[in-house]
Every structure is written in structure tokens, then in C-alpha cells.
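Novice: For reference, this is data_3.cif, and it has mmCIF, C-alpha atoms.
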```cif
data_protein
#
loop_
_atom_site.label_atom_id
_atom_site.label_comp_id
_atom_site.auth_asym_id
_atom_site.auth_seq_id
_atom_site.Cartn_x
_atom_site.Cartn_y
_atom_site.Cartn_z
CA MET A 1 -59.02 68.70 216.85
CA ALA A 2 -60.20 72.30 217.13
CA ALA A 3 -58.41 74.55 219.56
CA PRO A 4 -60.45 75.46 222.64
CA ALA A 5 -62.15 78.82 222.52
CA PRO A 6 -60.33 81.49 224.50
CA LEU A 7 -61.82 82.30 227.86
CA ARG A 8 -63.81 85.52 227.86
CA GLN A 9 -62.56 87.95 230.41
CA ARG A 10 -65.23 89.30 232.70
CA ARG A 11 -65.63 93.01 232.23
CA PRO A 12 -65.11 94.82 235.52
CA ARG A 13 -68.21 96.48 236.93
CA ARG A 14 -68.28 100.24 236.72
CA PHE A 15 -69.90 102.27 239.42
CA ARG A 16 -71.02 105.82 239.01
CA GLU A 17 -69.16 108.18 241.25
CA ARG A 18 -71.41 109.34 244.06
CA LYS A 19 -71.44 112.90 245.24
CA ASP A 20 -70.97 113.42 248.97
CA VAL A 21 -73.79 115.94 249.23
CA LEU A 22 -73.52 116.32 252.99
CA HIS A 23 -70.06 117.81 252.58
CA ASP A 24 -70.27 119.28 249.08
CA LEU A 25 -73.45 121.35 249.59
CA ASP A 26 -74.13 124.07 252.13
CA ASP A 27 -77.22 124.05 254.33
CA GLY A 28 -79.15 126.37 252.02
CA GLU A 29 -78.68 124.09 249.04
CA LEU A 30 -79.42 120.98 251.12
CA ILE A 31 -82.72 122.49 252.27
CA LYS A 32 -83.59 123.45 248.71
CA ARG A 33 -82.95 119.93 247.40
CA TYR A 34 -83.75 117.70 250.39
CA ARG A 35 -85.89 119.91 252.69
CA LEU A 36 -83.51 119.48 255.64
CA ASP A 37 -80.12 120.91 256.54
CA ARG A 38 -77.11 118.72 257.29
CA ALA A 39 -77.89 118.39 260.99
CA GLY A 40 -81.51 117.55 260.16
CA ILE A 41 -80.54 114.84 257.68
CA ILE A 42 -78.24 113.25 260.24
CA PHE A 43 -80.97 113.56 262.89
CA VAL A 44 -83.48 111.68 260.72
CA THR A 45 -80.85 109.11 259.78
CA ASP A 46 -80.10 108.41 263.43
CA LEU A 47 -83.79 107.60 264.01
CA VAL A 48 -83.51 104.56 261.71
CA ARG A 49 -79.78 103.95 261.42
CA GLY A 50 -80.08 100.38 262.67
CA PRO A 51 -82.72 99.15 260.18
CA LEU A 52 -80.98 100.96 257.30
CA THR A 53 -77.47 99.67 258.01
CA ASN A 54 -76.50 96.91 255.59
CA PRO A 55 -74.31 94.29 257.34
CA THR A 56 -72.56 93.26 254.11
CA GLY A 57 -68.99 94.32 253.49
CA ARG A 58 -69.51 94.80 249.77
CA ASN A 59 -68.31 97.94 248.10
CA GLN A 60 -70.73 100.58 246.89
CA VAL A 61 -73.40 99.73 249.49
CA LEU A 62 -75.45 102.84 250.26
CA THR A 63 -74.94 104.29 253.71
CA PRO A 64 -77.98 105.03 255.90
CA GLU A 65 -77.37 108.76 255.28
CA MET A 66 -77.48 108.24 251.52
CA LYS A 67 -80.69 106.21 251.79
CA ILE A 68 -82.34 109.05 253.69
CA ILE A 69 -81.07 111.55 251.12
CA VAL A 70 -82.50 109.49 248.24
CA LEU A 71 -85.90 109.34 249.96
CA LEU A 72 -85.86 113.05 250.78
CA ARG A 73 -85.08 113.92 247.16
CA TYR A 74 -88.02 111.80 246.01
CA LEU A 75 -90.42 113.33 248.54
CA ALA A 76 -89.26 116.84 247.65
CA THR A 77 -89.69 116.38 243.89
CA GLY A 78 -92.08 113.45 243.37
CA LYS A 79 -89.76 112.11 240.66
CA MET A 80 -87.77 108.94 241.27
CA GLN A 81 -85.62 109.51 238.19
CA LEU A 82 -84.18 112.68 239.72
CA CYS A 83 -82.76 110.58 242.56
CA SER A 84 -80.54 108.65 240.13
CA MET A 85 -79.82 111.54 237.76
CA ASP A 86 -79.00 114.01 240.55
CA ASP A 87 -75.39 112.83 240.94
CA LEU A 88 -76.44 110.59 243.81
CA GLY A 89 -75.25 107.51 241.97
CA PRO A 90 -77.82 104.73 242.47
CA SER A 91 -79.52 103.10 239.51
CA GLN A 92 -83.26 103.49 239.02
CA GLN A 93 -83.83 99.99 240.39
CA THR A 94 -81.73 100.71 243.44
CA VAL A 95 -83.57 103.98 244.03
CA SER A 96 -86.90 102.18 244.07
CA GLN A 97 -85.61 99.58 246.52
CA VAL A 98 -84.07 102.21 248.77
CA ILE A 99 -87.27 104.26 248.87
CA THR A 100 -89.30 101.20 249.83
CA GLU A 101 -86.85 100.20 252.56
CA THR A 102 -86.52 103.68 254.00
CA LEU A 103 -90.26 104.37 253.96
CA MET A 104 -90.85 101.14 255.86
CA ALA A 105 -88.38 102.16 258.56
CA LEU A 106 -89.61 105.74 258.97
CA SER A 107 -93.34 104.93 258.88
CA SER A 108 -93.29 102.67 261.92
CA ASN A 109 -95.59 103.81 264.72
CA ALA A 110 -92.63 103.96 267.09
CA ILE A 111 -91.07 106.68 264.91
CA LEU A 112 -94.21 108.55 263.82
CA THR A 113 -95.59 108.97 267.32
CA GLN A 114 -92.42 110.73 268.44
CA PHE A 115 -93.29 113.65 266.18
CA ILE A 116 -97.06 113.55 265.58
CA THR A 117 -98.86 113.76 268.91
CA PHE A 118 -102.31 115.01 269.84
CA PRO A 119 -102.54 117.23 272.93
CA ILE A 120 -104.40 115.61 275.81
CA THR A 121 -102.84 116.90 279.03
CA PRO A 122 -104.06 120.14 280.63
CA HIS A 123 -100.68 121.77 279.99
CA GLU A 124 -100.61 120.77 276.32
CA THR A 125 -104.20 121.74 275.60
CA GLN A 126 -103.94 125.10 277.39
CA ARG A 127 -100.89 126.00 275.29
CA LYS A 128 -102.80 125.19 272.08
CA ILE A 129 -105.83 127.18 273.26
CA VAL A 130 -103.70 130.27 273.90
CA ASP A 131 -102.04 129.98 270.48
CA PHE A 132 -105.35 129.68 268.63
CA GLN A 133 -107.09 132.44 270.57
CA GLN A 134 -104.42 134.88 269.47
CA ILE A 135 -105.49 134.43 265.83
CA ALA A 136 -109.06 135.76 265.98
CA GLY A 137 -110.21 135.55 269.58
CA PHE A 138 -111.87 132.12 269.19
CA PRO A 139 -111.68 130.40 272.61
CA GLY A 140 -111.12 126.76 273.52
CA VAL A 141 -109.55 125.54 270.25
CA ILE A 142 -106.81 122.90 270.26
CA GLY A 143 -106.83 122.01 266.55
CA ALA A 144 -108.29 122.63 263.10
CA ILE A 145 -109.38 119.57 261.11
CA ASP A 146 -109.90 118.98 257.40
CA GLY A 147 -109.64 116.36 254.70
CA THR A 148 -107.36 116.55 251.69
CA HIS A 149 -107.11 114.27 248.66
CA VAL A 150 -103.77 112.92 247.49
CA ARG A 151 -103.93 111.77 243.89
CA ILE A 152 -102.77 108.23 243.10
CA SER A 153 -102.57 106.01 240.03
CA ALA A 154 -105.41 103.52 239.57
CA PRO A 155 -104.87 100.55 241.92
CA SER A 156 -105.21 97.00 240.65
CA GLU A 157 -107.69 96.02 243.39
CA PHE A 158 -110.90 97.78 244.47
CA GLU A 159 -110.18 100.46 241.86
CA GLY A 160 -113.67 102.00 242.03
CA GLU A 161 -113.42 102.71 245.75
CA TYR A 162 -110.54 105.10 245.15
CA VAL A 163 -112.41 107.36 242.71
CA ASN A 164 -113.40 110.54 244.53
CA ARG A 165 -116.24 112.92 243.72
CA LYS A 166 -114.09 114.80 241.27
CA GLY A 167 -113.48 111.65 239.25
CA TYR A 168 -109.84 110.84 239.97
CA HIS A 169 -108.21 108.18 242.17
CA SER A 170 -107.05 109.37 245.56
CA ILE A 171 -106.44 108.74 249.24
CA ASN A 172 -108.65 110.91 251.44
CA VAL A 173 -106.43 112.11 254.28
CA GLN A 174 -107.74 113.51 257.56
CA VAL A 175 -105.31 115.95 259.15
CA ILE A 176 -105.29 118.26 262.16
CA PHE A 177 -103.01 121.27 262.53
CA ASP A 178 -102.27 123.42 265.55
CA ALA A 179 -101.88 127.19 265.40
CA LYS A 180 -98.14 126.86 264.73
CA TYR A 181 -98.85 124.79 261.60
CA LYS A 182 -97.67 121.55 263.14
CA ILE A 183 -99.59 118.35 262.45
CA THR A 184 -101.04 116.84 265.61
CA ASP A 185 -103.00 113.99 264.03
CA ILE A 186 -103.19 112.35 260.62
CA VAL A 187 -105.26 109.48 259.22
CA ALA A 188 -104.01 108.26 255.85
CA LYS A 189 -105.68 104.99 254.89
CA TRP A 190 -109.09 105.68 253.36
CA PRO A 191 -109.96 105.49 249.63
CA GLY A 192 -110.99 108.71 247.91
CA SER A 193 -114.68 107.78 247.75
CA VAL A 194 -115.03 107.83 251.55
CA HIS A 195 -116.56 111.00 253.01
CA ASP A 196 -114.74 113.15 255.56
CA ALA A 197 -117.49 112.61 258.15
CA ARG A 198 -117.10 108.82 258.00
CA ILE A 199 -113.34 109.02 258.35
CA LEU A 200 -113.81 111.12 261.48
CA ASN A 201 -116.49 108.80 262.86
CA GLU A 202 -114.25 105.74 262.47
CA SER A 203 -111.12 107.44 263.82
CA SER A 204 -109.56 106.90 267.24
CA LEU A 205 -109.95 110.63 267.72
CA ASN A 206 -113.74 110.20 267.83
CA ARG A 207 -113.90 106.77 269.43
CA VAL A 208 -111.15 107.10 272.01
CA VAL A 209 -109.62 110.55 272.49
CA PHE A 210 -112.87 112.54 272.68
CA GLY A 211 -115.24 109.58 272.99
CA ARG A 212 -113.66 108.44 276.26
CA GLY A 213 -113.02 111.89 277.66
CA MET A 214 -109.21 111.81 277.39
CA VAL A 215 -109.19 115.53 276.56
CA PRO A 216 -110.10 118.13 279.23
CA ASP A 217 -113.55 119.71 279.01
CA GLY A 218 -113.79 122.89 276.99
CA CYS A 219 -111.39 121.74 274.27
CA HIS A 220 -112.61 121.87 270.67
CA LEU A 221 -111.64 121.22 267.09
CA LEU A 222 -112.78 123.50 264.29
CA GLY A 223 -114.09 121.86 261.12
CA ASP A 224 -115.99 122.88 258.00
CA SER A 225 -119.67 122.20 257.31
CA GLY A 226 -118.89 118.74 255.97
CA TYR A 227 -118.47 117.53 259.55
CA PRO A 228 -121.25 116.95 262.08
CA SER A 229 -121.51 119.45 264.91
CA LYS A 230 -120.42 117.98 268.24
CA LYS A 231 -119.63 119.32 271.67
CA TRP A 232 -115.97 119.01 270.78
CA LEU A 233 -116.21 119.78 267.05
CA LEU A 234 -117.45 123.25 266.15
CA THR A 235 -118.63 123.87 262.60
CA PRO A 236 -119.85 127.10 260.92
CA TYR A 237 -123.47 128.14 260.63
CA LEU A 238 -124.79 127.61 257.12
CA ARG A 239 -127.19 130.57 257.44
CA PRO A 240 -125.94 132.66 260.37
CA GLN A 241 -128.17 135.21 262.00
CA PRO A 242 -126.82 138.71 262.67
CA GLY A 243 -125.11 139.01 266.02
CA PRO A 244 -123.45 136.13 267.86
CA GLN A 245 -123.80 133.66 264.99
CA SER A 246 -122.24 135.98 262.42
CA ASN A 247 -119.48 136.96 264.86
CA TYR A 248 -118.86 133.28 265.56
CA ASN A 249 -118.66 132.47 261.84
CA ARG A 250 -116.24 135.29 261.18
CA ALA A 251 -113.80 134.17 263.88
CA HIS A 252 -114.32 130.52 262.95
CA LYS A 253 -113.35 131.11 259.31
CA ILE A 254 -110.19 133.03 260.17
CA THR A 255 -109.09 130.52 262.80
CA ARG A 256 -109.88 127.40 260.79
CA SER A 257 -107.88 128.70 257.83
CA VAL A 258 -104.82 127.40 259.67
CA VAL A 259 -105.55 123.89 258.42
CA GLU A 260 -105.98 125.04 254.82
CA ARG A 261 -102.67 126.89 254.87
CA GLY A 262 -101.02 123.99 256.70
CA ILE A 263 -102.09 121.52 254.00
CA GLY A 264 -100.80 123.96 251.39
CA GLN A 265 -97.41 124.12 253.12
CA LEU A 266 -97.21 120.33 253.42
CA LYS A 267 -97.96 119.74 249.74
CA TRP A 268 -95.71 122.55 248.55
CA TRP A 269 -92.71 121.48 250.63
CA PHE A 270 -93.09 117.77 249.82
CA HIS A 271 -94.04 118.00 246.18
CA VAL A 272 -94.69 114.28 245.87
CA LEU A 273 -98.09 115.05 247.47
CA HIS A 274 -98.84 117.73 244.90
CA GLY A 275 -99.27 115.50 241.85
CA GLU A 276 -100.15 111.89 241.16
CA ILE A 277 -98.18 109.36 243.21
CA ARG A 278 -97.41 106.49 240.87
CA VAL A 279 -96.49 103.74 243.28
CA GLN A 280 -98.42 100.65 244.22
CA PRO A 281 -100.13 99.45 246.31
CA PRO A 282 -102.11 102.30 247.93
CA SER A 283 -100.76 101.26 251.33
CA LYS A 284 -97.32 102.42 250.17
CA VAL A 285 -98.81 105.80 249.24
CA CYS A 286 -100.17 106.01 252.80
CA GLN A 287 -96.64 105.43 254.11
CA ILE A 288 -95.42 108.31 251.95
CA ILE A 289 -98.14 110.63 253.28
CA LYS A 290 -97.41 109.82 256.93
CA VAL A 291 -93.65 110.17 256.52
CA CYS A 292 -94.14 113.54 254.80
CA ALA A 293 -96.28 114.65 257.76
CA MET A 294 -93.60 113.57 260.22
CA LEU A 295 -90.85 115.32 258.24
CA HIS A 296 -93.03 118.45 258.05
CA ASN A 297 -93.11 118.54 261.85
CA ILE A 298 -89.36 117.92 262.07
CA CYS A 299 -88.83 120.90 259.78
CA LYS A 300 -91.02 123.00 262.10
CA ASP A 301 -89.12 121.78 265.18
CA ARG A 302 -85.82 122.71 263.53
CA ASN A 303 -87.11 126.15 262.47
CA ILE A 304 -86.70 125.42 258.78
CA TYR A 305 -88.76 127.98 256.91
CA ILE A 306 -91.58 126.48 254.85
CA PRO A 307 -93.07 129.04 252.44
CA ALA A 308 -96.82 129.60 252.54
CA ALA A 309 -98.69 128.00 249.66
CA GLU A 310 -99.62 131.36 248.20
CA ASP A 311 -95.93 132.18 247.77
CA ASP A 312 -95.71 129.54 245.05
CA GLU A 313 -96.80 130.31 241.51
CA GLU A 314 -98.42 126.93 241.04
CA GLU A 315 -101.74 125.90 242.48
CA VAL A 316 -100.86 123.85 245.54
CA ASP A 317 -103.95 121.75 245.85
CA ASP A 318 -106.60 120.62 243.46
CA PRO A 319 -109.60 121.43 245.61
CA LEU A 320 -112.69 119.29 245.54
CA PRO A 321 -116.15 120.80 245.37
CA LEU A 322 -117.68 121.84 248.65
CA GLN A 323 -118.98 119.05 250.83
CA PRO A 324 -122.55 117.95 250.14
CA PRO A 325 -125.13 120.09 251.96
CA GLN A 326 -125.90 118.94 255.46
CA PRO A 327 -129.35 117.43 256.04
CA PRO A 328 -132.01 119.61 257.64
CA ALA A 329 -131.42 120.41 261.27
CA ALA A 330 -134.31 118.19 262.34
CA GLN A 331 -132.45 115.18 260.93
CA ARG A 332 -129.10 116.02 262.53
CA PRO A 333 -127.96 115.34 266.11
CA ARG A 334 -129.39 118.16 268.17
CA GLU A 335 -126.87 118.01 271.00
CA GLY A 336 -123.99 119.40 268.94
CA LEU A 337 -126.15 122.11 267.36
CA LEU A 338 -127.56 123.25 270.70
CA TYR A 339 -124.07 123.33 272.17
CA ARG A 340 -122.88 125.49 269.27
CA ASP A 341 -125.74 127.95 269.85
CA GLU A 342 -124.86 128.22 273.54
CA PHE A 343 -121.18 128.58 272.73
CA ALA A 344 -121.78 131.36 270.18
CA ASP A 345 -124.15 133.18 272.51
CA LEU A 346 -121.69 132.95 275.40
CA HIS A 347 -118.50 133.97 273.60
CA PHE A 348 -119.62 136.02 270.59
CA ARG A 349 -122.52 138.15 271.80
CA ASN A 350 -120.26 141.16 271.41
CA ASP A 351 -118.14 141.45 268.27
CA ASN A 352 -114.57 140.94 269.36
#
```
Could you take the file, read its structure, and then write that structure out as C-alpha cells?
Specialist:
Amino acid sequence: MAAPAPLRQRRPRRFRERKDVLHDLDDGELIKRYRLDRAGIIFVTDLVRGPLTNPTGRNQVLTPEMKIIVLLRYLATGKMQLCSMDDLGPSQQTVSQVITETLMALSSNAILTQFITFPITPHETQRKIVDFQQIAGFPGVIGAIDGTHVRISAPSEFEGEYVNRKGYHSINVQVIFDAKYKITDIVAKWPGSVHDARILNESSLNRVVFGRGMVPDGCHLLGDSGYPSKKWLLTPYLRPQPGPQSNYNRAHKITRSVVERGIGQLKWWFHVLHGEIRVQPPSKVCQIIKVCAMLHNICKDRNIYIPAAEDDEEEVDDPLPLQPPQPPAAQRPREGLLYRDEFADLHFRNDN
């Protein structure tokens, strides 16, 4: 009778040693790698500590702080592999799971609305108006609006809807900045083929905030010529006449540039938005965009310096062609155009 085969001893699991970055790195290095200092990382962790706390007593479970750090490293670089190779310890599979879990927690409306809020009270709107008027003398502005495309990999469903006019797959994101480069509103859910004007028309900003008069009279957004002119949305003249119209356009261009620079800062600081986001489905990309916007505002609140886009050697955005020409004035809503004429004549008759 053959002797029984010897029992194979189970090889003990080996875990990579994890660096305690919160204690090993100074604030300057933390900001460089994770976009927040130590206090900021702990602040963000505390927002979602409950959902990110694993009740198991197993060894090597990632702490909520480490989960936030893994996500921040991904958002700062756009490369998941750097999260596992950067001495953080988790495997590639764990990194992916952690990013999904942490995005879900941070992208809840209860968290986002603490940091992304649109001004509607007289006190809030007056403060925004003063800030904007200091830029180029343009009165009554509480925000600058624009759309920006975030490149994504081809989705498995409704693929054609995500191809924008430039021929690549994207999410078309509507964003509003104030004069301090903070984001006051963001809509990240529309496929790249959808036009900016439709996104605005379908937004709660149009239907509720301005549509139901929640904002005091005399408050405006500034948008480019791709948007329709409204009493609360001022766009540039396509062919301005000398005098008030040209003065209006000049101040409009300088003031509205806030949103262009703000988008540049957002994409530069959170580099995941700079290139193609290779996660599926597109709804997860939308979570990434909204969390980046929230973290951008947290950085502003904590006075963390975000370089201007032009300070970077790389091109920050891949701009799309100009919006399609607007239809002739006779085919466009006259109310907004007449209001713009009155506004320009009232405030820009003399060159400020």
C-alpha cells in the first residue's frame, strides 16, 4: 500500500509594506502628490469616514484615510497603476475597488452640495457681483458659464451619442465659476454629442433657479455665443457696433475669461480630466468629474495654490471648434436680445 502523500504546507501570504504617507511626507510633498495637505486629507476623510470604515477585523484592511489617498493619487495623475506602484501597497485590483467605493461615497448629493452651491440670497449674490465687477467693470454678474468636454473611452452602450463634433467620445460638462475661481454649479451627465444650449435648457438652473425667480433681479451669468441670450444670460455681440456694444463686448470677454481659466485650473490640478478616462460606464466618469469639482473647491477653501493653466507646459484642454453660428436674429428669441441692447446702452455708453 502506497504511503500517503505529504500534506502541502500553505504558503503564508505576503503583504507589501505600506508607506504611512501622512506622517512620512511633509505638506508640500502631500500637495504635490495628492493635491491636499495633511489636514485637508483628514478633512475629506472625515466627510465619509463612516461609509469607508470596514467593520472586519482582518489585517491589512485599508483605513479610510488610505482609501482617500488612493483616490486622490488617481485623480491627480489619471493613472491607476501609480496608486499601487507609489509605495501605497494595494494591488491593482484593490486599487480599482477602492476607487469605486470612495467615489460612490464622495459623489453623494449630501456631500457635493456642501461645497458646490449656487448663490441665490441677496447677500450671496451681492458678494459675487462685487467680485466680478472688480475685474472689468461689468455689473450684475454672479457667474460665468461654459461647457467643457472630458474625453472618455468608447462606451459599450449608445456609443454614437458620446462622439462629439471633434470626433472623440466625451462627456459634455456644464460648469459655472465665480470670480474667485470656485465652482458654483456643475452638470456632468450629458454625452458629448449634446450641445451646450440644450444642456442649459434642460438644467435646473434654467428651469428652477432662474425660471422660478429664485435669484434676485439684476443677476446675470455670462456665456459665449453658443448660448441663447436671456434676461439672466448675457452673451457677446457677434457683430458689435462702435460705442456701447463694443465696450460691452470688451468687458464681457475679459470677465467671462474667468470660466476658461477656471476650467484650465481644474483639469491641470486633477490630471485625470486632462486625458482619456478609461473607466466604464460613463456614469462612473461623471462621478469622477463631480468629485474633482468638489475637491477643487475644497482646495480653494483651504487656500491651496492651484497654478493657472498657462503656467503648465502642456496644453490643458483640447478645445473644440467654436460653437455653430447662431441663427439670424429674426429667428431667435427677441426678449433676450432686446434686454442685452438696453443693458449695453445703460451700462456701457461710456467706455469704462
Novice: Which one is closest to Lys79 in chain A: A:Val291, A:Ala110, A:Ile99, A:Leu238? Count only C-alpha atoms.
Specialist: A:Ile99
Novice: Using the chain letters and residue numbers of this document, give as an mmCIF file with C-alpha atoms, keeping the file's coordinate frame the residues selected by the PyMOL selection byres ((chain A and resi 228) around 9).
Specialist:
```
data_model
loop_
_atom_site.group_PDB
_atom_site.id
_atom_site.type_symbol
_atom_site.label_atom_id
_atom_site.label_comp_id
_atom_site.auth_asym_id
_atom_site.auth_seq_id
_atom_site.Cartn_x
_atom_site.Cartn_y
_atom_site.Cartn_z
ATOM 1 C CA ALA A 197 -117.490 112.610 258.150
ATOM 2 C CA GLY A 223 -114.090 121.860 261.120
ATOM 3 C CA ASP A 224 -115.990 122.880 258.000
ATOM 4 C CA SER A 225 -119.670 122.200 257.310
ATOM 5 C CA GLY A 226 -118.890 118.740 255.970
ATOM 6 C CA TYR A 227 -118.470 117.530 259.550
ATOM 7 C CA SER A 229 -121.510 119.450 264.910
ATOM 8 C CA LYS A 230 -120.420 117.980 268.240
ATOM 9 C CA LEU A 233 -116.210 119.780 267.050
ATOM 10 C CA LEU A 234 -117.450 123.250 266.150
ATOM 11 C CA THR A 235 -118.630 123.870 262.600
ATOM 12 C CA GLN A 326 -125.900 118.940 255.460
ATOM 13 C CA ARG A 332 -129.100 116.020 262.530
ATOM 14 C CA PRO A 333 -127.960 115.340 266.110
ATOM 15 C CA GLY A 336 -123.990 119.400 268.940
ATOM 16 C CA LEU A 337 -126.150 122.110 267.360
#
```
Novice: Translate the PyMOL selection byres ((chain A and resi 273) around 10), as applied to the file shown, into an explicit residue set as a list in words.
Specialist: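 Residues picked by the PyMOL selection byres ((chain A and resi 273) around 10): Leu75, Ala76, Thr77, Gly78, His149, Val150, Arg151, Ile152, Leu266, Lys267, Trp268, Trp269, Phe270, His271, Val272, His274, Gly275, Glu276, Ile277, Val285, Ile288, Ile289, Cys292, Val316 and Asp317 of chain A.
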Novice: Rounded to one decimal in Å, what is the spacing between CA of Gly147 in chain A and CA of Ile183 in chain A?
Specialist: 12.8 Å
Novice: Name the residues in contact with Ser203 in chain A at a cut-off of 12 Å, using all atoms listed in the file, excluding same-chain residues fewer than 3 positions from it; report them as a PyMOL selection string.
Specialist: chain A and resi 173-175+185-190+196-200+206-211
